[in-house]
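> Next up is a structure, given as structure tokens.
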Amino acid sequence: MTRLVTFSDGTTIPVLGQGTWEIGDDPAWRDEEQAALARGIDLGLTVIDTAELYGDGRSERLVGEVIAGRRDEVFLVSKVRPENASEMKMMLACEKSLERLGVDRIDLYLLHWEGRVPLEETVDAFQELVDEGMIARWGVSNLDLRAMERLIDIDGGNDCAANQLLYNLGSRGVEFDLLPWMQARDMPMMAYSPLGRGGLLEHPLITDIADRHDASPAQVALAAVLRQDGVIAIPKASTVEHVEANAEALEIRFDAEDLERLDRVFPQPTKATPLDII
């Protein structure tokens with residue numbers, strides 16, 4: 001994989017990774033889910049995103065089993081629940097995530113969404129974890145432009161490395177203001193649910209473009225997200241076949257006609273809109 005995104009500190013990671021929401025919940029699927037994650041790493045999808053919330057820690061445990069013995073190959077992302085984002089609670093939450101993951105450091109630790117804990121306190125807690133070597137960098141998730149502007153005004157808030165957001169062809173609101181704001185600051189955006197939910201992949205245009213490229217609708221949807229600079233997509237794949245198909249999305253190159261049709265049917269936003277969240 002040659003397409004990379006660069007953090008403000010110069011660290012580079014692949015534009016396509018792996019999400020783990022709802023992975024690890026059903027023991028019957030455990031072996032297949034582990035095989036899919038491992039195959040993804042083999043294919044260069046080395047950004048793995050998880051969270052303490054996912055399956056009440058089951059996702060982190062599954063990820064930990066997969067990356068045992070190959071930690072250096074992986075850029076590991078996890079998220080702290082907003083109620084644990086205080087100086088008093090974040091240290092313990094992070095320690096528990098590290099234990100479940102079987103590692104001594106998380107590469108990127110995110111605030112899952114903004115809750116009642118003041119952002120000032122959360123930033124201080126993140127910095128303490130950086131100082132202790134428990135995390136390499138920190139970021140946020142599900143914060144809109146107004147919240148991001150408040151964040152960077154906080155002492156230490158400029159250290160925010162990334163923002164993880166809902167982004168797909170059917171949910172392009174961030175392109176109006178938030179994504180350009182982040183791009184100007186070399187702050188990557190992690191796109192969750194990049195394949196959309198509901199009927200996006202059954203849309204006639206998506207299936208038609210997929211046929212033109214001898215691809216699947218999911219590959220077209222992924223490629224559409226990844227055409228934006230500074231965007232990392234983290235689709236979930238529960239099977240080896242699915243993760244192999246996701247990796248092939250990097251080979252799709254849209255022509256001008258494809259892009260015109262996509263933008264006509266799934267138009268770019270023309271005004272600020274409320275942030276989409278799942």
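Note on naming: chains are A, B, ... as they come in the structure tokens, residues start from 1 per chain, ligands start from 1 in the order shown.
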Residues at most 10 Å from Gln183 in chain A, counting only C-alpha atoms, excluding those fewer than 3 positions away in the same chain, as a PDB file with all heavy atoms, in the first residue's frame?


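This went into result37.pdb:
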ATOM      1  N   LEU A 178     -15.936  21.575   8.093  1.00  0.00           N
ATOM      2  CA  LEU A 178     -15.071  20.872   9.037  1.00  0.00           C
ATOM      3  C   LEU A 178     -13.877  20.209   8.366  1.00  0.00           C
ATOM      4  O   LEU A 178     -12.732  20.355   8.820  1.00  0.00           O
ATOM      5  CB  LEU A 178     -15.888  19.840   9.817  1.00  0.00           C
ATOM      6  CG  LEU A 178     -15.144  19.036  10.885  1.00  0.00           C
ATOM      7  CD1 LEU A 178     -14.401  19.948  11.858  1.00  0.00           C
ATOM      8  CD2 LEU A 178     -16.117  18.110  11.626  1.00  0.00           C
ATOM      9  N   LEU A 179     -14.092  19.485   7.288  1.00  0.00           N
ATOM     10  CA  LEU A 179     -12.980  18.819   6.616  1.00  0.00           C
ATOM     11  C   LEU A 179     -11.952  19.819   6.085  1.00  0.00           C
ATOM     12  O   LEU A 179     -10.745  19.641   6.317  1.00  0.00           O
ATOM     13  CB  LEU A 179     -13.491  17.907   5.505  1.00  0.00           C
ATOM     14  CG  LEU A 179     -12.419  17.160   4.698  1.00  0.00           C
ATOM     15  CD1 LEU A 179     -11.516  16.332   5.590  1.00  0.00           C
ATOM     16  CD2 LEU A 179     -13.071  16.286   3.627  1.00  0.00           C
ATOM     17  N   PRO A 180     -12.364  20.905   5.393  1.00  0.00           N
ATOM     18  CA  PRO A 180     -11.356  21.892   4.959  1.00  0.00           C
ATOM     19  C   PRO A 180     -10.593  22.504   6.131  1.00  0.00           C
ATOM     20  O   PRO A 180      -9.384  22.772   6.026  1.00  0.00           O
ATOM     21  CB  PRO A 180     -12.192  22.941   4.224  1.00  0.00           C
ATOM     22  CG  PRO A 180     -13.412  22.219   3.771  1.00  0.00           C
ATOM     23  CD  PRO A 180     -13.695  21.218   4.847  1.00  0.00           C
ATOM     24  N   ASP A 186      -3.411  20.113   8.801  1.00  0.00           N
ATOM     25  CA  ASP A 186      -2.763  18.802   8.703  1.00  0.00           C
ATOM     26  C   ASP A 186      -3.280  17.853   9.776  1.00  0.00           C
ATOM     27  O   ASP A 186      -2.516  17.092  10.388  1.00  0.00           O
ATOM     28  CB  ASP A 186      -1.239  18.932   8.817  1.00  0.00           C
ATOM     29  CG  ASP A 186      -0.643  19.697   7.653  1.00  0.00           C
ATOM     30  OD1 ASP A 186      -1.133  19.536   6.532  1.00  0.00           O
ATOM     31  OD2 ASP A 186       0.313  20.463   7.874  1.00  0.00           O
ATOM     32  N   MET A 187      -4.584  17.881   9.999  1.00  0.00           N
ATOM     33  CA  MET A 187      -5.233  17.034  10.988  1.00  0.00           C
ATOM     34  C   MET A 187      -6.071  15.991  10.250  1.00  0.00           C
ATOM     35  O   MET A 187      -7.128  16.312   9.712  1.00  0.00           O
ATOM     36  CB  MET A 187      -6.126  17.871  11.919  1.00  0.00           C
ATOM     37  CG  MET A 187      -6.776  17.064  13.040  1.00  0.00           C
ATOM     38  SD  MET A 187      -7.985  18.056  13.990  1.00  0.00           S
ATOM     39  CE  MET A 187      -6.911  19.329  14.688  1.00  0.00           C
ATOM     40  N   PRO A 188      -5.619  14.756  10.178  1.00  0.00           N
ATOM     41  CA  PRO A 188      -6.368  13.742   9.437  1.00  0.00           C
ATOM     42  C   PRO A 188      -7.773  13.522  10.001  1.00  0.00           C
ATOM     43  O   PRO A 188      -8.022  13.683  11.194  1.00  0.00           O
ATOM     44  CB  PRO A 188      -5.515  12.481   9.602  1.00  0.00           C
ATOM     45  CG  PRO A 188      -4.137  12.982   9.862  1.00  0.00           C
ATOM     46  CD  PRO A 188      -4.324  14.238  10.667  1.00  0.00           C
ATOM     47  N   MET A 189      -8.677  13.153   9.104  1.00  0.00           N
ATOM     48  CA  MET A 189     -10.022  12.763   9.485  1.00  0.00           C
ATOM     49  C   MET A 189     -10.156  11.264   9.304  1.00  0.00           C
ATOM     50  O   MET A 189      -9.846  10.739   8.225  1.00  0.00           O
ATOM     51  CB  MET A 189     -11.079  13.469   8.633  1.00  0.00           C
ATOM     52  CG  MET A 189     -12.503  13.172   9.074  1.00  0.00           C
ATOM     53  SD  MET A 189     -13.749  13.946   8.000  1.00  0.00           S
ATOM     54  CE  MET A 189     -13.890  12.709   6.712  1.00  0.00           C
ATOM     55  N   GLN A 228     -10.645  12.153  -1.054  1.00  0.00           N
ATOM     56  CA  GLN A 228     -10.378  13.377  -0.303  1.00  0.00           C
ATOM     57  C   GLN A 228      -9.014  13.297   0.371  1.00  0.00           C
ATOM     58  O   GLN A 228      -8.653  12.271   0.961  1.00  0.00           O
ATOM     59  CB  GLN A 228     -11.458  13.595   0.771  1.00  0.00           C
ATOM     60  CG  GLN A 228     -12.850  13.842   0.231  1.00  0.00           C
ATOM     61  CD  GLN A 228     -13.002  15.244  -0.337  1.00  0.00           C
ATOM     62  OE1 GLN A 228     -12.137  16.099  -0.175  1.00  0.00           O
ATOM     63  NE2 GLN A 228     -14.118  15.482  -1.002  1.00  0.00           N
ATOM     64  N   ASP A 229      -8.256  14.388   0.306  1.00  0.00           N
ATOM     65  CA  ASP A 229      -6.962  14.432   0.987  1.00  0.00           C
ATOM     66  C   ASP A 229      -7.152  14.373   2.500  1.00  0.00           C
ATOM     67  O   ASP A 229      -8.081  14.962   3.047  1.00  0.00           O
ATOM     68  CB  ASP A 229      -6.212  15.712   0.624  1.00  0.00           C
ATOM     69  CG  ASP A 229      -5.762  15.749  -0.822  1.00  0.00           C
ATOM     70  OD1 ASP A 229      -5.610  14.666  -1.420  1.00  0.00           O
ATOM     71  OD2 ASP A 229      -5.573  16.865  -1.350  1.00  0.00           O
ATOM     72  N   GLY A 230      -6.234  13.671   3.149  1.00  0.00           N
ATOM     73  CA  GLY A 230      -6.223  13.656   4.600  1.00  0.00           C
ATOM     74  C   GLY A 230      -7.305  12.816   5.238  1.00  0.00           C
ATOM     75  O   GLY A 230      -7.588  12.973   6.428  1.00  0.00           O
ATOM     76  N   VAL A 231      -7.900  11.892   4.485  1.00  0.00           N
ATOM     77  CA  VAL A 231      -8.972  11.055   5.013  1.00  0.00           C
ATOM     78  C   VAL A 231      -8.486   9.612   5.123  1.00  0.00           C
ATOM     79  O   VAL A 231      -7.894   9.066   4.198  1.00  0.00           O
ATOM     80  CB  VAL A 231     -10.228  11.128   4.129  1.00  0.00           C
ATOM     81  CG1 VAL A 231     -11.264  10.088   4.563  1.00  0.00           C
ATOM     82  CG2 VAL A 231     -10.834  12.519   4.198  1.00  0.00           C
TER      83      VAL A 231
END

> Could you name the residues that touch Ser238 in chain A at 8 Å or less, counting only C-alpha atoms, but leaving out those on the same chain fewer than 4 positions away, as a compact mmCIF listing (two decimals) with N, CA, C and O atoms, in the first residue's frame?


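As written to disk, around28.txt reads:
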# COMPACT_ATOMS: atom_id res chain seq x y z
N ILE A 23 -17.44 -6.18 16.33
CA ILE A 23 -16.58 -7.35 16.19
C ILE A 23 -16.22 -7.85 17.58
O ILE A 23 -15.87 -7.07 18.46
N GLU A 32 -13.33 -16.32 12.60
CA GLU A 32 -13.39 -15.68 11.29
C GLU A 32 -13.04 -14.20 11.39
O GLU A 32 -12.34 -13.66 10.52
N GLU A 33 -13.49 -13.54 12.45
CA GLU A 33 -13.17 -12.13 12.63
C GLU A 33 -11.67 -11.94 12.87
O GLU A 33 -11.07 -11.00 12.34
N ALA A 36 -9.90 -12.32 9.61
CA ALA A 36 -10.08 -11.15 8.74
C ALA A 36 -9.14 -10.03 9.15
O ALA A 36 -8.49 -9.40 8.30
N LEU A 37 -9.05 -9.74 10.44
CA LEU A 37 -8.16 -8.68 10.91
C LEU A 37 -6.70 -9.01 10.57
O LEU A 37 -5.94 -8.14 10.13
N HIS A 242 -14.10 -10.27 2.62
CA HIS A 242 -14.52 -8.87 2.71
C HIS A 242 -13.31 -7.95 2.84
O HIS A 242 -13.23 -6.91 2.18
N VAL A 243 -12.37 -8.31 3.69
CA VAL A 243 -11.21 -7.43 3.88
C VAL A 243 -10.35 -7.40 2.61
O VAL A 243 -9.77 -6.36 2.26

> What are the DSSP strand (DSSP E) residues of range 18-53 of chain A, as a PDB file with N, CA and C atoms, in the first residue's frame?


ATOM      1  N   GLN A  18      -8.880  -0.661   9.368  1.00  0.00           N
ATOM      2  CA  GLN A  18      -9.907  -1.626   9.730  1.00  0.00           C
ATOM      3  C   GLN A  18     -10.648  -1.160  10.975  1.00  0.00           C
ATOM      4  N   GLY A  19     -11.970  -1.161  10.902  1.00  0.00           N
ATOM      5  CA  GLY A  19     -12.794  -0.863  12.056  1.00  0.00           C
ATOM      6  C   GLY A  19     -13.234  -2.138  12.752  1.00  0.00           C
ATOM      7  N   VAL A  47      -3.922   0.151  10.132  1.00  0.00           N
ATOM      8  CA  VAL A  47      -4.599   1.000  11.111  1.00  0.00           C
ATOM      9  C   VAL A  47      -5.792   0.218  11.636  1.00  0.00           C
ATOM     10  N   ILE A  48      -5.786  -0.095  12.924  1.00  0.00           N
ATOM     11  CA  ILE A  48      -6.891  -0.833  13.529  1.00  0.00           C
ATOM     12  C   ILE A  48      -7.541   0.050  14.576  1.00  0.00           C
ATOM     13  N   ASP A  49      -8.841   0.273  14.417  1.00  0.00           N
ATOM     14  CA  ASP A  49      -9.599   1.155  15.296  1.00  0.00           C
ATOM     15  C   ASP A  49     -10.534   0.338  16.175  1.00  0.00           C
TER      16      ASP A  49
END

> Pull the helix (DSSP H, G or I) assignments for range 19-145 of chain A out of DSSP run on the backbone, and list those residues as a VMD selection string.

chain A and resid 27 to 42 54 to 67 71 to 73 82 to 84 87 to 101 119 to 131 145

> Hey, what's within 12 Å of Cys94 in chain A if we count only C-alpha atoms and toss same-chain stuff fewer than 3 positions away? As a PyMOL selection string, please?

chain A and resi 51-52+57+60+77-81+84-91+97-106+108-111+125-126+128-130+132-135+138

> For the interface of range 43-96 of chain A with range 8-16 of chain A (cut-off 8 Å, counting only C-alpha atoms), please tabulate each contacting residue of range 43-96 of chain A alongside its nearest pair of atoms and their separation in Å to one decimal, rows sorted by chain and increasing number, as a Markdown table.


| residue | atom | partner | partner_atom | distance |
| --- | --- | --- | --- | --- |
| A:Gly44 | CA | A:Pro14 | CA | 7.5 |
| A:Leu45 | CA | A:Leu16 | CA | 5.8 |
| A:Thr46 | CA | A:Pro14 | CA | 7.1 |
| A:Val47 | CA | A:Pro14 | CA | 7.0 |
| A:Phe75 | CA | A:Ile13 | CA | 7.4 |

> Let me see the file: selected residues, C-alpha atoms, as an mmCIF file, in the first residue's frame.


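Writing done, so here's selection-v8.cif:
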data_model
loop_
_atom_site.group_PDB
_atom_site.id
_atom_site.type_symbol
_atom_site.label_atom_id
_atom_site.label_comp_id
_atom_site.auth_asym_id
_atom_site.auth_seq_id
_atom_site.Cartn_x
_atom_site.Cartn_y
_atom_site.Cartn_z
ATOM 1 C CA GLY A 44 -1.277 -3.330 4.594
ATOM 2 C CA LEU A 45 -4.506 -2.276 6.336
ATOM 3 C CA THR A 46 -2.494 -1.730 9.476
ATOM 4 C CA VAL A 47 -4.599 1.000 11.111
ATOM 5 C CA PHE A 75 -1.078 1.611 14.174
#

> Near Ala249 in chain A, counting only C-alpha atoms, which residues have an atom at most 12 Å away, once you skip same-chain residues fewer than 6 positions from it, shown as a PDB file with C-alpha atoms, in the first residue's frame?


ATOM      1  CA  MET A   1       0.000   0.000   0.000  1.00  0.00           C
ATOM      2  CA  ARG A   3      -1.240   5.837  -0.285  1.00  0.00           C
ATOM      3  CA  VAL A  15      -5.351   5.719   4.126  1.00  0.00           C
ATOM      4  CA  LEU A  16      -7.270   2.475   4.552  1.00  0.00           C
ATOM      5  CA  GLY A  17      -7.548   0.670   7.849  1.00  0.00           C
ATOM      6  CA  LEU A  45      -4.506  -2.276   6.336  1.00  0.00           C
ATOM      7  CA  LEU A 195     -19.818   2.323   3.326  1.00  0.00           C
ATOM      8  CA  ALA A 210     -19.052  -0.589  -9.951  1.00  0.00           C
ATOM      9  CA  HIS A 213     -14.816  -0.635 -13.031  1.00  0.00           C
ATOM     10  CA  ASP A 214     -15.361  -4.374 -12.617  1.00  0.00           C
ATOM     11  CA  ALA A 215     -15.655  -3.659  -8.896  1.00  0.00           C
ATOM     12  CA  SER A 216     -18.184  -4.058  -6.122  1.00  0.00           C
ATOM     13  CA  PRO A 217     -20.465  -1.265  -4.860  1.00  0.00           C
ATOM     14  CA  ALA A 218     -18.609  -1.318  -1.539  1.00  0.00           C
ATOM     15  CA  GLN A 219     -15.304  -0.738  -3.322  1.00  0.00           C
ATOM     16  CA  VAL A 220     -16.783   2.223  -5.183  1.00  0.00           C
ATOM     17  CA  ALA A 221     -18.120   3.711  -1.945  1.00  0.00           C
ATOM     18  CA  LEU A 222     -14.720   3.327  -0.295  1.00  0.00           C
ATOM     19  CA  ALA A 223     -12.886   4.830  -3.241  1.00  0.00           C
ATOM     20  CA  ALA A 224     -15.254   7.815  -3.182  1.00  0.00           C
ATOM     21  CA  VAL A 225     -14.379   8.522   0.446  1.00  0.00           C
ATOM     22  CA  LEU A 226     -10.657   8.121  -0.139  1.00  0.00           C
ATOM     23  CA  ARG A 227     -10.519  10.650  -2.976  1.00  0.00           C
ATOM     24  CA  ALA A 233     -11.301   5.099   6.055  1.00  0.00           C
ATOM     25  CA  PRO A 235     -14.489  -0.035   7.291  1.00  0.00           C
ATOM     26  CA  HIS A 242     -14.523  -8.870   2.715  1.00  0.00           C
ATOM     27  CA  VAL A 243     -11.210  -7.435   3.877  1.00  0.00           C
TER      28      VAL A 243
END

> Using only C-alpha atoms, which of the listed residues (A:Thr6, A:Ser141, A:Thr239, A:Thr122) sits closest to Asp31 in chain A?

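Closest candidate: A:Thr239.
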
> Quick check, in Å to one decimal: how far apart do CA of Pro274 in chain A and CA of Thr50 in chain A lie?

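Separating CA of Pro274 in chain A from CA of Thr50 in chain A is a distance of 25.0 Å.
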